[in-house]
Amino acid sequence: MTAGVPALVEEIDHSVSRTSGSRLRRVLVRNPAFWIGSIGVLVIALAAVLAPVITSHDPNFAFRKEGLTAAGNPVGPTVLFPLGTDRLGRDYLSRLLYGARTSLTVGIVANLIATAIGVTIGSVAAFAGSPRIRIRFRGRRRELAIPVESLLMRLTDAVLSFPVLLFAIALVAILRPSLGLVIVVIAGVLWTTIARIVYGRAVVIREQEFIVAARAVGVRSSRILVRHVMPHLVSLIVVYATLGIASTIQFEAALSFLGVGVPVPAASWGNMISDNLGYYRTDPRLVVLPGLAIMVTILSFNLLGDALADAFDPRRWAN
Amino acid sequence: MTSPAKRLAAITAAMAIAVSACSGNASTAPEQSPTGSSPAGESATASQPTSIPQGGTISLAYASDFQHFDPAVMYDTVGIAAVRLMFDSPLTYDSGTKLVPLLASEMPTVSADGKAITIKLRSGVNFVKEDGSVLREMTADDLVYSLNRVLDPNLKPNPSPVASAFFSNIVGSADVLGGKAKTASGIKMIDAHTVEIDLDHADATFMNILATTFSAVVPKELATEDTAAFDLAPVGTGPYLLKSYTKGQQAVFVANKSYWQPGQPYLDEIDFHVGVDDNAALQQVEAGTLDILGDTIPSGSFTAVTTDPQYADQIVHHTTVATSYLSMDTTQPNDGPLSKLAVRQAIEEGIDKDNILKIQHGAGVVATCIFPPDMPGYDPSCNPYTYDAAKAKADLAAAGYPSGFSTTIYTDTTDPDPAIAAAIQQDLAAMGITAEIVTQEFGTFLGTIETPHAAPLVFVGWYQDYPDPSDFIDPILSCASAVSGGANAAWYCNKDVDTKAAAARAEALGPQRLADYQAIQKEIMADAPWVPLYHQDWYTMTSKRVGGFQIHPVWLYSIRDVYIKPGS
Amino acid sequence: MIPYLIRRLGWGLVVLVGVMLITFLLTYVIPADPARMIAGANASPTDVAAIRRSLGLDRPFLEQLATYVANVLHGDFGFSYHQHRAVLPLLLERFPATAQLALAGLAIEVAIGLPLGILAATRRGGFWDRGATMVTVVLVSAPSFWVGYLLLEVVFQGHQSYGIDILPLGGGYKPFDLRYLFLPALTLGFGGAAYYNRLMRATMLDELHRDYVRTARAKGLQERAVLWRHALRNAIGPVLIQVGLDLGFFLGGVVIVEQVFSWPGIGKLAVDSIVTADVPLIIGTVLFGTLCIVTANLFVDILNAVTDPRIRF
């Protein structure tokens, strides 16, 4: 391979390329959704990181005397417990803050894994085609075409046909619930969306002239993928990864709500709702607060994702 | 919906009560005695009080669904309420724990050696079909058939869960259980209205077995080996008939106009709604659109509802004949810390039982020994250990664990069990013991308890099968139960206790027998296999018009005694 | 076209068989012992062993699998351990409840999402666009189990404080009774409305940028006619396809909403079966859900193939 060819390809590459940085910034700063979303994400991330600084209470410690009324009910906001306590007398503020850690951990880690799987499968499917492998069969050499593209995409379709929530509940209920398992299960069922989107985009890119040219001169598929295709996918991946965090957090909350998520006594917003659900009539604070926390977090990531999508190109991502 | 775990576990909850006396509570609750004191009971005397009004429809709601209507295989708290509407057993209990005849015309007689029991059945009792027409008269042959049917290993889709646990003392039962015979030689029809049952060894508790729903009499031609078929079209001699049942939604029972007891049934119709979330059901009872809450008052609304003066006469509660406890593996392998008596005794002093009751709003009684209140032999003076956190820590250090140790608490996922386990965890932490909590779904949990030494600490409960102290020793604290598959969570085996318990079981009923059981209880507690925690007080709520409803010590809900108060 | 459809059908079957195998494998490693659960707390080891034997649970894995597959091929999906009924009738019995909820929920999603989406597309970047996006994003961000309980509480307070007696308290189910259906459907609909808003907006914008729209406008056609008679008619296709796919997804069981409202549908049945380790029912519900989705996909493929000449086979 000569040095000239890739350089040429890259030049073309950039000419068909992306939204310029300055336009991006201009569009973003004018979009209130961007500001609301990023401030929301920032606040929640800070709450999670600074949890031990904001509160000195152990989120799992039950204050039997101060934290419960004589009748054994949670107490409302006091100086000691700014947001009151839960049904066991645990400080609700600390549980909410540590719950943010759970949600963000699951949201980010599970989503990173899902994104990695999805991007790999989507882009490999688009560029691998049907590689031929040589085998010896009954003493004769044969060539066998492995239809990697259709195999991978059929696999994606198959997982998309799963009743994912049911499947996840069954999986977690069968194995012993733990934070790690919840992350793996969520990643295992949610990678398909991004795989499809990446595949759809990569198929379009693969037909573009600079890629066809690169292939024609014999640049290896893997190199094309990494050097020339990925840069075009970055904005797409950023947008869907952001939106994906929202759906991952929602998924975790649903699992925890159903009692098959993050195990007790660790705080998760989903299990805080289910733990204290009986109080929604007599002490709505216990249900409203974690619900609001989930909503604000998901809303922030959704707004940020939408704003990014809009800024990159509203029509390209629309569907 | 105290928690989704609970709602998820709704189906198992019926059985989970056997394991964990669950739920809501309040020390501030008004002391309200059970509404009505079971005006009729079922003592089945020929002259029923005539003052009980008849007619009308009442409704109940449960979170879990029925599993069976066939008494041979039904073994859950929702099912028992329905089965006792449709079927009668030879014996039953009055409004307390006293055995009285039901299908039997008098209390059965026992031979001098205690091994032969003769049951005389009433005449003129009919099996009544779903449409209200009489199938035929019940005879002694039907009782013989019904008892053998419970032993039948070929019942479809599965055999009875208690065949061997309850009936293996009958002469010849092993042949039926083993599939070698169709009938046990010890179950004999003497004449059309008399049955004799021969036992392998004298057993004072067998009368209680004759009062369980497993001994209910079913018609031979309809109750075949296919229990699923009989579940769909149950026919018995009871006061109500199953009119319709939609799985997951509701079952409707209507009055059996040809019921043999005069004056009964009291109601025209009883509607069981199933799959109803407990908070939703509570809302409906408060609004008056539902009559009886099938589950306990959910924790979150407990104080609000039980202290509200407008509901004062609608709250019904009674302490269940159950004990919730923390078992400790008394024979922990590899010289584990729990195998040391001094360590177990330190833990006995380290658990704050008042706090455990407090997080349940005080709905219960602190347990200090094994037998619960209402169980014959209950001994309030038995209180060998007192809570003292500082002393517990010191005693643990003296026992050779100044810096504690690490262990695991197992419990099931039904609310509030994980919360109670968390409270225990915090108590243990104060002593220096680090305990991890593992919550398991009910079936898995039972499996863990029954696997030798799989669980060092277990938070669990035992709910009586029948009111006899032997039911709290033999199945859970005997050497025979400390085997793989047995329910002895503490793996406790004391040969001396075993000998004394076997002797007490065979003894004739009376004060001496109870005194012997109380001595056994003390001896066991000295070995500290359990930390007894509490006896749950079952709180529920009815609409204003419900009369005759009580929390029965054996049946929990005895719906056949319920009527609508006059003027409502 | 026929070979294409056969290929799709074949693939659907492969997915179903795959799901069946995976589910069976998972339920086999389940630590819960169904026999132990059926026997109850106070049963003796002999009783448990007898139950285990009668259910065939003591046989080797491959034998159990073979039996199951053979039975499924005969239309027998097994016998629920816990409900004591055959699995298939249980599923069919629950299906009407789920179907009502699925249809009503979808109708609400569409009823909220489409008008807002059209509004947003026609007023792109303006107040209505941002407003519609904001409203629907808020709706989709609120967890449905939370929204459901809030709605129930509002109804209860309305009843207790003002004697309003329109909606049933605490949820529940009556066949084909709109009063019972309303809140669950609303809760379900809120969640998906944002999606339809976004989809409608996007497809509508796509159409509005096409040449024929420009031509129509140039011809002096009224904006309303352009919008409704031309753009919308073309934009609605992808939306309808999505409705079809979602319907398949919902018909397989609406897990959370059914749970919150005590709605006796497939989703609630599925959750109950999982909690009670009711293996035949777990496999049955998961298979049923997959079947609904696969069927919907197939149906949409056919519809696409018939209506869209651009699709190559």
# chains A, B, ... in the order shown; residues from 1 in each chain; ligands from 1
call {"tool": "interface_residues", "arguments": {"of": "chain C", "to": "chain B", "cutoff": "8 Å", "atoms": "only C-alpha atoms", "output": "number ranges by chain"}}
result
C: 31-34, 36-48, 50-51, 54-55, 82-85, 156, 160, 169-173, 261-262, 264, 271-272, 275-277
call {"tool": "closest_atom_pairs", "arguments": {"of": "chain C", "to": "chain A", "cutoff": "9 Å", "atoms": "only C-alpha atoms", "output": "CSV"}}
result
residue,atom,partner,partner_atom,distance
C:Trp11,CA,A:Arg154,CA,8.2
C:Gly12,CA,A:Ala158,CA,8.3
C:Val14,CA,A:Ala158,CA,8.8
C:Val15,CA,A:Ala158,CA,5.7
C:Leu16,CA,A:Ala158,CA,8.8
C:Gly18,CA,A:Ala158,CA,8.7
C:Val19,CA,A:Phe162,CA,7.7
C:Thr23,CA,A:Phe167,CA,8.4
C:Leu26,CA,A:Leu171,CA,7.3
C:Thr27,CA,A:Ile174,CA,7.2
C:Val29,CA,A:Ile174,CA,7.5
C:Ile30,CA,A:Ile174,CA,5.0
C:Pro31,CA,A:Ile174,CA,6.8
C:Ala32,CA,A:Ile174,CA,7.9
C:Arg130,CA,A:Ala33,CA,8.6
C:Met134,CA,A:Leu303,CA,8.3
C:Val137,CA,A:Leu299,CA,6.6
C:Val138,CA,A:Leu299,CA,6.2
C:Leu139,CA,A:Met295,CA,8.9
C:Val140,CA,A:Leu299,CA,8.1
C:Ser141,CA,A:Met295,CA,5.1
C:Ala142,CA,A:Met295,CA,4.7
C:Pro143,CA,A:Gln250,CA,6.8
C:Ser144,CA,A:Ala254,CA,8.7
C:Phe145,CA,A:Ala254,CA,7.7
C:Trp146,CA,A:Gly291,CA,6.2
C:Val147,CA,A:Gly291,CA,8.6
C:Tyr149,CA,A:Tyr280,CA,8.0
C:Leu150,CA,A:Tyr280,CA,8.3
C:Glu153,CA,A:Arg281,CA,7.0
C:Arg198,CA,A:Ala318,CA,7.4
C:Leu199,CA,A:Asn319,CA,6.1
C:Arg201,CA,A:Ala318,CA,8.1
C:Ala202,CA,A:Ala318,CA,5.0
C:Thr203,CA,A:Asn319,CA,7.7
C:Leu205,CA,A:Arg315,CA,7.6
C:Asp206,CA,A:Arg315,CA,7.2
C:Phe249,CA,A:Pro163,CA,7.2
C:Gly252,CA,A:Pro163,CA,7.3
C:Gly253,CA,A:Pro163,CA,8.4
C:Val255,CA,A:Leu166,CA,7.4
C:Ile256,CA,A:Ala254,CA,7.6
C:Gln259,CA,A:Leu258,CA,8.8
C:Gly267,CA,A:Leu166,CA,8.0
C:Ala270,CA,A:Leu166,CA,7.3
C:Val271,CA,A:Leu166,CA,7.5
C:Ile274,CA,A:Ala170,CA,6.0
C:Val275,CA,A:Ala173,CA,7.4
C:Ala277,CA,A:Ile174,CA,8.5
C:Ile282,CA,A:Ala170,CA,7.9
C:Thr285,CA,A:Leu166,CA,8.6
C:Val286,CA,A:Pro163,CA,6.7
C:Leu287,CA,A:Pro163,CA,8.7
C:Gly289,CA,A:Pro163,CA,5.7
C:Thr290,CA,A:Phe162,CA,5.5
C:Leu291,CA,A:Ser161,CA,8.4
C:Cys292,CA,A:Ser161,CA,8.8
C:Ile293,CA,A:Ser161,CA,5.6
C:Val294,CA,A:Ser161,CA,6.1
C:Asn297,CA,A:Ser161,CA,8.5
call {"tool": "select_by_dssp", "arguments": {"residues": "stretch 348-500 of chain B", "states": "helix (DSSP H, G or I)", "output": "MDAnalysis selection string"}}
result
chainID B and resid 348:350 353:358 389:398 417:431 442:450 469:472 474:477 495:500
call {"tool": "atom_distance", "arguments": {"atom1": "atom CA of A:Phe210", "atom2": "atom CA of A:Leu236"}}
result
19.7 Å
call {"tool": "residues_around", "arguments": {"residues": "stretch 38-44 of chain A", "least_positions_apart": "2", "cutoff": "7 Å", "atoms": "only C-alpha atoms", "output": "list of chain:residue names"}}
result
A:Phe34, A:Trp35, A:Ile36, A:Leu46, A:Ala47, A:Ala48, A:Ala100, A:Thr297, A:Ser300, A:Phe301, A:Leu304
call {"tool": "residues_around", "arguments": {"residues": "C:Gly131", "least_positions_apart": "5", "cutoff": "10 Å", "atoms": "only C-alpha atoms", "output": "list in words"}}
result
Leu116, Leu119, Ala120, Gly125, Gly126, Thr136 and Val137 of chain C
call {"tool": "write_last_selection", "arguments": {"atoms": "N, CA and C atoms", "output": "PDB file, in the first residue's frame"}}
result
ATOM      1  N   LEU C 116     -49.350  16.041  18.118  1.00  0.00           N
ATOM      2  CA  LEU C 116     -48.221  16.845  18.585  1.00  0.00           C
ATOM      3  C   LEU C 116     -47.077  16.790  17.581  1.00  0.00           C
ATOM      4  N   LEU C 119     -47.960  18.962  14.611  1.00  0.00           N
ATOM      5  CA  LEU C 119     -47.850  20.348  15.052  1.00  0.00           C
ATOM      6  C   LEU C 119     -46.386  20.773  15.089  1.00  0.00           C
ATOM      7  N   ALA C 120     -45.559  19.891  15.674  1.00  0.00           N
ATOM      8  CA  ALA C 120     -44.141  20.209  15.807  1.00  0.00           C
ATOM      9  C   ALA C 120     -43.480  20.353  14.439  1.00  0.00           C
ATOM     10  N   GLY C 125     -39.022  24.230  15.139  1.00  0.00           N
ATOM     11  CA  GLY C 125     -38.127  25.145  15.837  1.00  0.00           C
ATOM     12  C   GLY C 125     -38.858  26.189  16.639  1.00  0.00           C
ATOM     13  N   GLY C 126     -40.157  26.269  16.474  1.00  0.00           N
ATOM     14  CA  GLY C 126     -40.905  27.311  17.169  1.00  0.00           C
ATOM     15  C   GLY C 126     -41.400  26.860  18.529  1.00  0.00           C
ATOM     16  N   THR C 136     -43.862  15.711  25.750  1.00  0.00           N
ATOM     17  CA  THR C 136     -43.776  14.269  25.561  1.00  0.00           C
ATOM     18  C   THR C 136     -42.505  13.693  26.189  1.00  0.00           C
ATOM     19  N   VAL C 137     -41.438  14.445  26.200  1.00  0.00           N
ATOM     20  CA  VAL C 137     -40.220  13.937  26.845  1.00  0.00           C
ATOM     21  C   VAL C 137     -40.439  13.803  28.349  1.00  0.00           C
TER      22      VAL C 137
END
call {"tool": "interface_residues", "arguments": {"of": "chain A", "to": "chain B", "cutoff": "10 Å", "atoms": "only C-alpha atoms", "output": "JSON, numbers by chain"}}
result
{"A": [60, 61, 62, 64, 65, 68, 69, 70, 71, 72, 73, 74, 87, 88, 89, 173, 174, 176, 177, 256, 257, 258, 259, 260, 263, 264, 265, 271, 272, 273, 274, 275, 276, 277, 278, 279, 280, 281, 282, 283]}
call {"tool": "residues_around", "arguments": {"residues": "A:Val212", "least_positions_apart": "2", "cutoff": "12 Å", "atoms": "only C-alpha atoms", "output": "PDB file with C-alpha atoms, in the first residue's frame"}}
result
ATOM      1  CA  VAL A   9      -9.148   8.869   0.921  1.00  0.00           C
ATOM      2  CA  ILE A  12     -12.382  12.997   0.438  1.00  0.00           C
ATOM      3  CA  ASP A  13     -13.499  11.722   3.755  1.00  0.00           C
ATOM      4  CA  PHE A 127     -18.255  -4.080   6.502  1.00  0.00           C
ATOM      5  CA  VAL A 203     -24.330   0.749   5.125  1.00  0.00           C
ATOM      6  CA  VAL A 204     -24.859   4.210   3.688  1.00  0.00           C
ATOM      7  CA  ILE A 205     -21.244   5.165   4.334  1.00  0.00           C
ATOM      8  CA  ARG A 206     -19.918   1.981   2.796  1.00  0.00           C
ATOM      9  CA  GLU A 207     -21.469   2.939  -0.558  1.00  0.00           C
ATOM     10  CA  GLN A 208     -19.784   6.336  -0.570  1.00  0.00           C
ATOM     11  CA  GLU A 209     -17.102   7.008  -3.097  1.00  0.00           C
ATOM     12  CA  PHE A 210     -14.164   7.441  -0.791  1.00  0.00           C
ATOM     13  CA  ALA A 214     -10.263   2.765  -0.548  1.00  0.00           C
ATOM     14  CA  ARG A 215     -11.537  -0.738  -0.997  1.00  0.00           C
ATOM     15  CA  ALA A 216     -10.627  -0.696  -4.643  1.00  0.00           C
ATOM     16  CA  VAL A 217      -7.024   0.038  -3.800  1.00  0.00           C
ATOM     17  CA  GLY A 218      -7.010  -2.774  -1.281  1.00  0.00           C
ATOM     18  CA  VAL A 219      -7.155  -1.049   2.101  1.00  0.00           C
ATOM     19  CA  ARG A 220      -8.110  -3.655   4.658  1.00  0.00           C
ATOM     20  CA  SER A 221     -11.674  -3.609   5.900  1.00  0.00           C
ATOM     21  CA  ILE A 224     -11.318   1.371   6.682  1.00  0.00           C
ATOM     22  CA  HIS A 228     -12.627   6.246   7.919  1.00  0.00           C
ATOM     23  CA  VAL A 229     -15.994   4.999   9.041  1.00  0.00           C
TER      24      VAL A 229
END
